[in-house]
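Q: What follows is the file my_file-v2.txt, containing compact mmCIF, C-alpha atoms:
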# COMPACT_ATOMS: atom_id res chain seq x y z
CA MET B 1 -84.73 -11.93 -35.64
CA GLY B 2 -84.37 -14.06 -38.79
CA ASN B 3 -83.54 -12.09 -41.89
CA SER B 4 -84.85 -13.40 -45.17
CA LYS B 5 -83.12 -10.83 -47.41
CA SER B 6 -81.05 -12.51 -50.09
CA GLY B 7 -77.97 -10.63 -48.89
CA ALA B 8 -78.16 -11.91 -45.30
CA VAL B 9 -76.13 -14.70 -43.79
CA SER B 10 -78.20 -17.89 -43.60
CA LYS B 11 -79.59 -18.87 -40.20
CA GLU B 12 -77.86 -22.26 -40.49
CA ILE B 13 -74.40 -20.73 -41.04
CA LEU B 14 -75.06 -18.08 -38.38
CA GLU B 15 -75.93 -20.74 -35.78
CA GLU B 16 -72.95 -22.91 -36.73
CA LEU B 17 -70.54 -19.97 -36.46
CA LYS B 18 -72.02 -18.83 -33.13
CA LEU B 19 -71.51 -22.37 -31.84
CA ASN B 20 -67.96 -22.82 -33.18
CA THR B 21 -66.45 -19.36 -32.67
CA LYS B 22 -66.34 -16.73 -29.96
CA PHE B 23 -68.08 -14.22 -32.24
CA SER B 24 -71.53 -12.90 -31.34
CA GLU B 25 -74.45 -12.90 -33.77
CA THR B 26 -74.03 -9.14 -34.25
CA GLU B 27 -70.30 -9.54 -35.01
CA ILE B 28 -70.96 -12.36 -37.48
CA VAL B 29 -73.63 -10.32 -39.28
CA GLN B 30 -71.24 -7.33 -39.47
CA TRP B 31 -68.42 -9.54 -40.76
CA TYR B 32 -70.82 -10.95 -43.36
CA GLU B 33 -71.89 -7.50 -44.57
CA ASN B 34 -68.24 -6.47 -44.94
CA PHE B 35 -67.37 -9.76 -46.61
CA LYS B 36 -70.18 -9.32 -49.16
CA LYS B 37 -69.00 -5.75 -49.91
CA GLN B 38 -65.42 -6.92 -50.45
CA CYS B 39 -66.40 -10.19 -52.16
CA PRO B 40 -69.75 -9.77 -53.92
CA SER B 41 -69.45 -13.30 -55.32
CA GLY B 42 -69.53 -14.65 -51.76
CA ARG B 43 -66.10 -16.23 -52.19
CA ILE B 44 -62.58 -14.94 -51.72
CA THR B 45 -59.84 -16.09 -54.06
CA LYS B 46 -56.27 -16.83 -53.08
CA GLU B 47 -55.17 -13.61 -54.83
CA GLU B 48 -57.71 -11.53 -52.86
CA PHE B 49 -56.57 -13.23 -49.66
CA GLN B 50 -52.95 -12.43 -50.48
CA ASN B 51 -53.92 -8.78 -51.06
CA ILE B 52 -55.41 -8.68 -47.54
CA TYR B 53 -52.20 -10.11 -46.09
CA ARG B 54 -50.10 -7.58 -47.99
CA LYS B 55 -52.02 -4.81 -46.20
CA PHE B 56 -51.13 -6.33 -42.82
CA PHE B 57 -47.46 -6.74 -43.81
CA PRO B 58 -46.76 -3.80 -46.14
CA ASP B 59 -42.98 -3.92 -45.61
CA SER B 60 -42.70 -7.65 -46.25
CA ASP B 61 -43.34 -10.34 -48.84
CA ALA B 62 -46.54 -11.86 -47.48
CA ASN B 63 -47.61 -13.80 -50.59
CA THR B 64 -45.99 -17.15 -49.78
CA TYR B 65 -47.21 -17.22 -46.20
CA ALA B 66 -50.69 -16.07 -47.26
CA HIS B 67 -50.73 -18.88 -49.83
CA HIS B 68 -50.06 -21.46 -47.08
CA VAL B 69 -52.61 -19.91 -44.72
CA PHE B 70 -55.18 -19.89 -47.52
CA ARG B 71 -54.46 -23.55 -48.33
CA SER B 72 -54.91 -24.52 -44.69
CA PHE B 73 -58.37 -22.92 -44.53
CA ASP B 74 -59.67 -23.96 -47.95
CA ALA B 75 -61.43 -26.94 -46.39
CA ASN B 76 -63.01 -28.20 -49.60
CA ASP B 77 -59.93 -27.49 -51.82
CA ASP B 78 -61.95 -25.46 -54.32
CA GLY B 79 -59.45 -22.60 -54.53
CA THR B 80 -61.69 -20.11 -52.73
CA LEU B 81 -62.85 -19.39 -49.21
CA ASP B 82 -66.54 -18.99 -48.56
CA PHE B 83 -67.80 -16.88 -45.68
CA LYS B 84 -67.83 -19.78 -43.23
CA GLU B 85 -64.23 -20.80 -44.03
CA TYR B 86 -63.20 -17.13 -43.78
CA ILE B 87 -64.78 -16.62 -40.34
CA ILE B 88 -63.33 -19.87 -39.01
CA ALA B 89 -59.92 -18.67 -40.27
CA LEU B 90 -60.38 -15.37 -38.43
CA HIS B 91 -61.50 -17.13 -35.27
CA MET B 92 -58.65 -19.63 -35.30
CA THR B 93 -55.94 -17.07 -35.86
CA ALA B 94 -57.34 -14.32 -33.63
CA THR B 95 -59.26 -15.84 -30.75
CA GLY B 96 -58.98 -19.61 -30.81
CA LYS B 97 -57.73 -21.65 -27.86
CA THR B 98 -54.04 -22.53 -27.88
CA THR B 99 -54.71 -26.19 -28.71
CA SER B 100 -57.03 -25.21 -31.57
CA LYS B 101 -54.46 -22.76 -32.90
CA LEU B 102 -51.80 -25.46 -32.76
CA GLU B 103 -54.08 -27.89 -34.62
CA TRP B 104 -54.51 -25.20 -37.27
CA ALA B 105 -50.74 -24.55 -37.28
CA PHE B 106 -50.22 -28.26 -37.94
CA SER B 107 -52.45 -28.01 -41.03
CA LEU B 108 -50.41 -24.97 -42.10
CA PHE B 109 -47.15 -26.95 -41.80
CA ASP B 110 -48.67 -30.07 -43.43
CA VAL B 111 -48.06 -28.70 -46.91
CA ASP B 112 -48.94 -31.91 -48.76
CA LYS B 113 -51.95 -32.61 -46.50
CA ASN B 114 -50.87 -36.20 -45.78
CA GLY B 115 -51.42 -36.00 -42.01
CA TYR B 116 -47.72 -35.65 -41.11
CA ILE B 117 -45.12 -32.93 -41.27
CA THR B 118 -41.54 -33.41 -42.38
CA LYS B 119 -38.47 -31.30 -41.77
CA SER B 120 -38.64 -30.04 -45.37
CA GLU B 121 -42.23 -28.84 -44.78
CA VAL B 122 -41.11 -27.11 -41.57
CA THR B 123 -38.34 -25.41 -43.56
CA GLU B 124 -40.81 -24.37 -46.28
CA ILE B 125 -43.15 -22.71 -43.76
CA CYS B 126 -40.27 -21.14 -41.80
CA THR B 127 -39.05 -19.66 -45.09
CA SER B 128 -42.49 -18.15 -45.75
CA ILE B 129 -42.64 -16.78 -42.18
CA PHE B 130 -39.20 -15.23 -42.67
CA LYS B 131 -40.48 -13.33 -45.69
CA LEU B 132 -42.88 -11.53 -43.32
CA ILE B 133 -40.08 -10.27 -41.08
CA PRO B 134 -38.68 -6.86 -42.07
CA LYS B 135 -34.92 -7.02 -42.71
CA ASP B 136 -34.10 -4.69 -39.81
CA GLU B 137 -35.89 -7.07 -37.42
CA VAL B 138 -34.05 -10.13 -38.75
CA GLU B 139 -30.83 -8.55 -37.48
CA ASP B 140 -32.24 -8.63 -33.94
CA LEU B 141 -33.10 -12.34 -33.97
CA PRO B 142 -31.03 -14.77 -31.86
CA GLU B 143 -28.06 -16.27 -33.72
CA ASP B 144 -29.60 -19.77 -33.69
CA GLU B 145 -32.76 -18.63 -35.50
CA ASN B 146 -31.73 -15.75 -37.77
CA THR B 147 -32.27 -17.71 -41.00
CA PRO B 148 -35.22 -19.86 -42.09
CA GLU B 149 -33.01 -22.96 -41.98
CA LYS B 150 -31.74 -22.26 -38.46
CA ARG B 151 -35.29 -21.60 -37.27
CA ALA B 152 -36.52 -24.82 -38.89
CA ASN B 153 -33.66 -26.78 -37.30
CA LYS B 154 -34.41 -25.30 -33.87
CA LEU B 155 -38.11 -26.12 -34.22
CA TRP B 156 -37.44 -29.65 -35.52
CA LYS B 157 -35.24 -30.38 -32.47
CA VAL B 158 -38.30 -29.81 -30.25
CA PHE B 159 -39.80 -33.03 -31.66
CA GLU B 160 -36.63 -35.08 -31.09
CA LYS B 161 -36.84 -36.60 -34.56
CA ALA B 162 -34.23 -37.50 -37.16
CA ASP B 163 -34.12 -35.28 -40.24
CA ASP B 164 -35.92 -37.92 -42.33
CA ASP B 165 -38.63 -38.70 -39.73
CA ARG B 166 -42.12 -37.20 -39.68
CA VAL B 167 -44.33 -35.73 -36.97
CA ALA B 168 -48.04 -36.48 -36.47
CA GLU B 169 -50.51 -33.82 -35.34
CA GLY B 170 -50.66 -34.98 -31.72
CA GLU B 171 -46.86 -34.95 -31.42
CA PHE B 172 -46.75 -31.48 -32.98
CA VAL B 173 -49.38 -30.03 -30.63
CA GLN B 174 -47.92 -31.65 -27.51
CA GLY B 175 -44.35 -30.75 -28.44
CA LEU B 176 -45.27 -27.08 -28.75
CA LEU B 177 -47.47 -27.08 -25.63
CA ASP B 178 -44.52 -28.51 -23.70
CA ASN B 179 -42.08 -25.91 -25.06
CA GLU B 180 -43.18 -22.29 -24.76
CA ASP B 181 -40.10 -21.03 -26.60
CA ALA B 182 -40.99 -23.19 -29.60
CA LEU B 183 -44.42 -21.51 -29.88
CA ARG B 184 -42.62 -18.34 -30.89
CA LEU B 185 -40.82 -20.18 -33.70
CA ILE B 186 -44.00 -21.05 -35.61
CA GLN B 187 -45.15 -17.46 -36.07
CA TYR B 188 -44.14 -13.89 -36.65
CA GLU B 189 -45.45 -11.20 -34.33
CA PRO B 190 -44.76 -7.72 -35.72
CA ILE B 191 -43.06 -5.34 -33.30
CA LYS B 192 -45.60 -2.73 -32.29
Can you give me the file's structure in the form of structure tokens?

A:
Amino acid sequence: MGNSKSGAVSKEILEELKLNTKFSETEIVQWYENFKKQCPSGRITKEEFQNIYRKFFPDSDANTYAHHVFRSFDANDDGTLDFKEYIIALHMTATGKTTSKLEWAFSLFDVDKNGYITKSEVTEICTSIFKLIPKDEVEDLPEDENTPEKRANKLWKVFEKADDDRVAEGEFVQGLLDNEDALRLIQYEPIK
């Protein structure tokens, strides 16, 4: 079963990804083959990642949001994602458990990576999320969340904090688990 070709995913990474994601060995190998075709260097740059996001959101400005997503998954801060970081990103955003997704969302909102989020960071991420929403869909949003600032204010109220306070990861996760409506505020789901 082990594959010693130089182009194959290492057994160590394969085992780690099987253990830490819901992907099967076959799926991981297929993802790796596609990743190597798209990224022969074995790494994906922020610009390449942004290009992928632009394909998912062709009618929107996805660059800012993609930048923040990229930052949250670049575990070693080297400016690229290797295959393992890329697969963990896919797993977290597509199939991860709600708590795991919220832990990732916290890292997305923690722009300065200091272990806390502030209202200004919430506003920054809400602004990048808003750039994903096509203008005709913005018109259909509720009055109290039809701008990035209103959405950030509504989300911040969930944590019952003053504007100059900060929120730790546990408070963030629990606050969103306790408020289903707030879960919707931290993301954009395209209308099918």

Q: From the list B:Ser41, B:Gln50, B:Trp104, B:Lys55, which residue is nearest B:Phe73 when using only C-alpha atoms?

A: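 The closest residue to B:Phe73 is B:Trp104.
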
Q: Using all atoms listed in the file, pick whichever of B:Asn179, B:Ile87, B:Cys39, B:Leu81 has the shortest atom-to-atom distance to B:Phe23.

A: B:Ile87

Q: Could you pull the residues within 12 Å of B:Leu141, counting only C-alpha atoms, minus those fewer than 5 positions along the same chain, as a ChimeraX atom specification?

A: /B:130,133-136,146-148,150-151,184-185,188

Q: Using Å and a single decimal, report how far atom CA of B:Ala182 sits from atom CA of B:Lys154.

A: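 One can read the atom CA of B:Lys154 to atom CA of B:Ala182 distance as 8.1 Å.
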
Q: I'd like the contact shell of B:Tyr65 - 9 Å cut-off, all atoms listed in the file, skipping same-chain residues fewer than 6 positions apart - returned as a list in words.

A: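 Residues near the query, excluding close chain neighbours: Gln50, Tyr53, Ile125, Thr127, Ser128, Ile129, Phe130, Lys131 and Leu132 of chain B.
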
Q: Could you extract stretch 91-109 of chain B of the given structure into a file holding N, CA, C and O atoms, as a PDB file, in the first residue's frame?

A:
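And here is the file that came out, result.pdb:
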ATOM      1  N   HIS B  91     -10.788  20.590   5.387  1.00  0.00           N
ATOM      2  CA  HIS B  91     -11.539  19.821   6.377  1.00  0.00           C
ATOM      3  C   HIS B  91     -12.294  20.750   7.327  1.00  0.00           C
ATOM      4  O   HIS B  91     -13.483  20.573   7.571  1.00  0.00           O
ATOM      5  N   MET B  92     -11.592  21.749   7.842  1.00  0.00           N
ATOM      6  CA  MET B  92     -12.205  22.643   8.826  1.00  0.00           C
ATOM      7  C   MET B  92     -13.386  23.397   8.242  1.00  0.00           C
ATOM      8  O   MET B  92     -14.402  23.566   8.893  1.00  0.00           O
ATOM      9  N   THR B  93     -13.235  23.866   7.011  1.00  0.00           N
ATOM     10  CA  THR B  93     -14.285  24.690   6.434  1.00  0.00           C
ATOM     11  C   THR B  93     -15.411  23.865   5.831  1.00  0.00           C
ATOM     12  O   THR B  93     -16.535  24.339   5.746  1.00  0.00           O
ATOM     13  N   ALA B  94     -15.138  22.621   5.454  1.00  0.00           N
ATOM     14  CA  ALA B  94     -16.153  21.822   4.771  1.00  0.00           C
ATOM     15  C   ALA B  94     -16.821  20.779   5.662  1.00  0.00           C
ATOM     16  O   ALA B  94     -18.022  20.577   5.590  1.00  0.00           O
ATOM     17  N   THR B  95     -16.040  20.116   6.499  1.00  0.00           N
ATOM     18  CA  THR B  95     -16.606  18.974   7.212  1.00  0.00           C
ATOM     19  C   THR B  95     -16.361  18.968   8.708  1.00  0.00           C
ATOM     20  O   THR B  95     -16.798  18.056   9.380  1.00  0.00           O
ATOM     21  N   GLY B  96     -15.657  19.952   9.212  1.00  0.00           N
ATOM     22  CA  GLY B  96     -15.319  19.940  10.629  1.00  0.00           C
ATOM     23  C   GLY B  96     -16.541  20.038  11.537  1.00  0.00           C
ATOM     24  O   GLY B  96     -17.605  20.486  11.134  1.00  0.00           O
ATOM     25  N   LYS B  97     -16.365  19.616  12.775  1.00  0.00           N
ATOM     26  CA  LYS B  97     -17.432  19.747  13.777  1.00  0.00           C
ATOM     27  C   LYS B  97     -17.656  21.221  14.071  1.00  0.00           C
ATOM     28  O   LYS B  97     -16.755  22.039  13.913  1.00  0.00           O
ATOM     29  N   THR B  98     -18.851  21.555  14.548  1.00  0.00           N
ATOM     30  CA  THR B  98     -19.190  22.954  14.807  1.00  0.00           C
ATOM     31  C   THR B  98     -18.176  23.607  15.742  1.00  0.00           C
ATOM     32  O   THR B  98     -17.697  24.712  15.468  1.00  0.00           O
ATOM     33  N   THR B  99     -17.801  22.939  16.814  1.00  0.00           N
ATOM     34  CA  THR B  99     -16.842  23.530  17.753  1.00  0.00           C
ATOM     35  C   THR B  99     -15.503  23.772  17.062  1.00  0.00           C
ATOM     36  O   THR B  99     -14.898  24.834  17.231  1.00  0.00           O
ATOM     37  N   SER B 100     -15.052  22.819  16.262  1.00  0.00           N
ATOM     38  CA  SER B 100     -13.784  22.993  15.537  1.00  0.00           C
ATOM     39  C   SER B 100     -13.877  24.149  14.557  1.00  0.00           C
ATOM     40  O   SER B 100     -12.934  24.932  14.413  1.00  0.00           O
ATOM     41  N   LYS B 101     -15.007  24.257  13.861  1.00  0.00           N
ATOM     42  CA  LYS B 101     -15.188  25.364  12.921  1.00  0.00           C
ATOM     43  C   LYS B 101     -15.174  26.705  13.659  1.00  0.00           C
ATOM     44  O   LYS B 101     -14.629  27.687  13.160  1.00  0.00           O
ATOM     45  N   LEU B 102     -15.769  26.734  14.845  1.00  0.00           N
ATOM     46  CA  LEU B 102     -15.788  27.976  15.609  1.00  0.00           C
ATOM     47  C   LEU B 102     -14.392  28.321  16.133  1.00  0.00           C
ATOM     48  O   LEU B 102     -14.021  29.493  16.200  1.00  0.00           O
ATOM     49  N   GLU B 103     -13.614  27.319  16.489  1.00  0.00           N
ATOM     50  CA  GLU B 103     -12.233  27.564  16.905  1.00  0.00           C
ATOM     51  C   GLU B 103     -11.440  28.137  15.732  1.00  0.00           C
ATOM     52  O   GLU B 103     -10.633  29.058  15.895  1.00  0.00           O
ATOM     53  N   TRP B 104     -11.682  27.581  14.526  1.00  0.00           N
ATOM     54  CA  TRP B 104     -11.034  28.139  13.343  1.00  0.00           C
ATOM     55  C   TRP B 104     -11.537  29.564  13.097  1.00  0.00           C
ATOM     56  O   TRP B 104     -10.759  30.471  12.810  1.00  0.00           O
ATOM     57  N   ALA B 105     -12.856  29.785  13.212  1.00  0.00           N
ATOM     58  CA  ALA B 105     -13.421  31.116  12.994  1.00  0.00           C
ATOM     59  C   ALA B 105     -12.776  32.124  13.943  1.00  0.00           C
ATOM     60  O   ALA B 105     -12.503  33.266  13.557  1.00  0.00           O
ATOM     61  N   PHE B 106     -12.521  31.701  15.186  1.00  0.00           N
ATOM     62  CA  PHE B 106     -11.848  32.596  16.127  1.00  0.00           C
ATOM     63  C   PHE B 106     -10.488  33.006  15.567  1.00  0.00           C
ATOM     64  O   PHE B 106     -10.129  34.181  15.597  1.00  0.00           O
ATOM     65  N   SER B 107      -9.731  32.048  15.027  1.00  0.00           N
ATOM     66  CA  SER B 107      -8.408  32.384  14.479  1.00  0.00           C
ATOM     67  C   SER B 107      -8.545  33.309  13.269  1.00  0.00           C
ATOM     68  O   SER B 107      -7.677  34.137  13.022  1.00  0.00           O
ATOM     69  N   LEU B 108      -9.644  33.179  12.533  1.00  0.00           N
ATOM     70  CA  LEU B 108      -9.908  34.071  11.412  1.00  0.00           C
ATOM     71  C   LEU B 108     -10.133  35.499  11.926  1.00  0.00           C
ATOM     72  O   LEU B 108      -9.575  36.464  11.399  1.00  0.00           O
ATOM     73  N   PHE B 109     -10.935  35.635  12.977  1.00  0.00           N
ATOM     74  CA  PHE B 109     -11.250  36.952  13.539  1.00  0.00           C
ATOM     75  C   PHE B 109     -10.090  37.535  14.343  1.00  0.00           C
ATOM     76  O   PHE B 109     -10.021  38.751  14.516  1.00  0.00           O
TER      77      PHE B 109
END
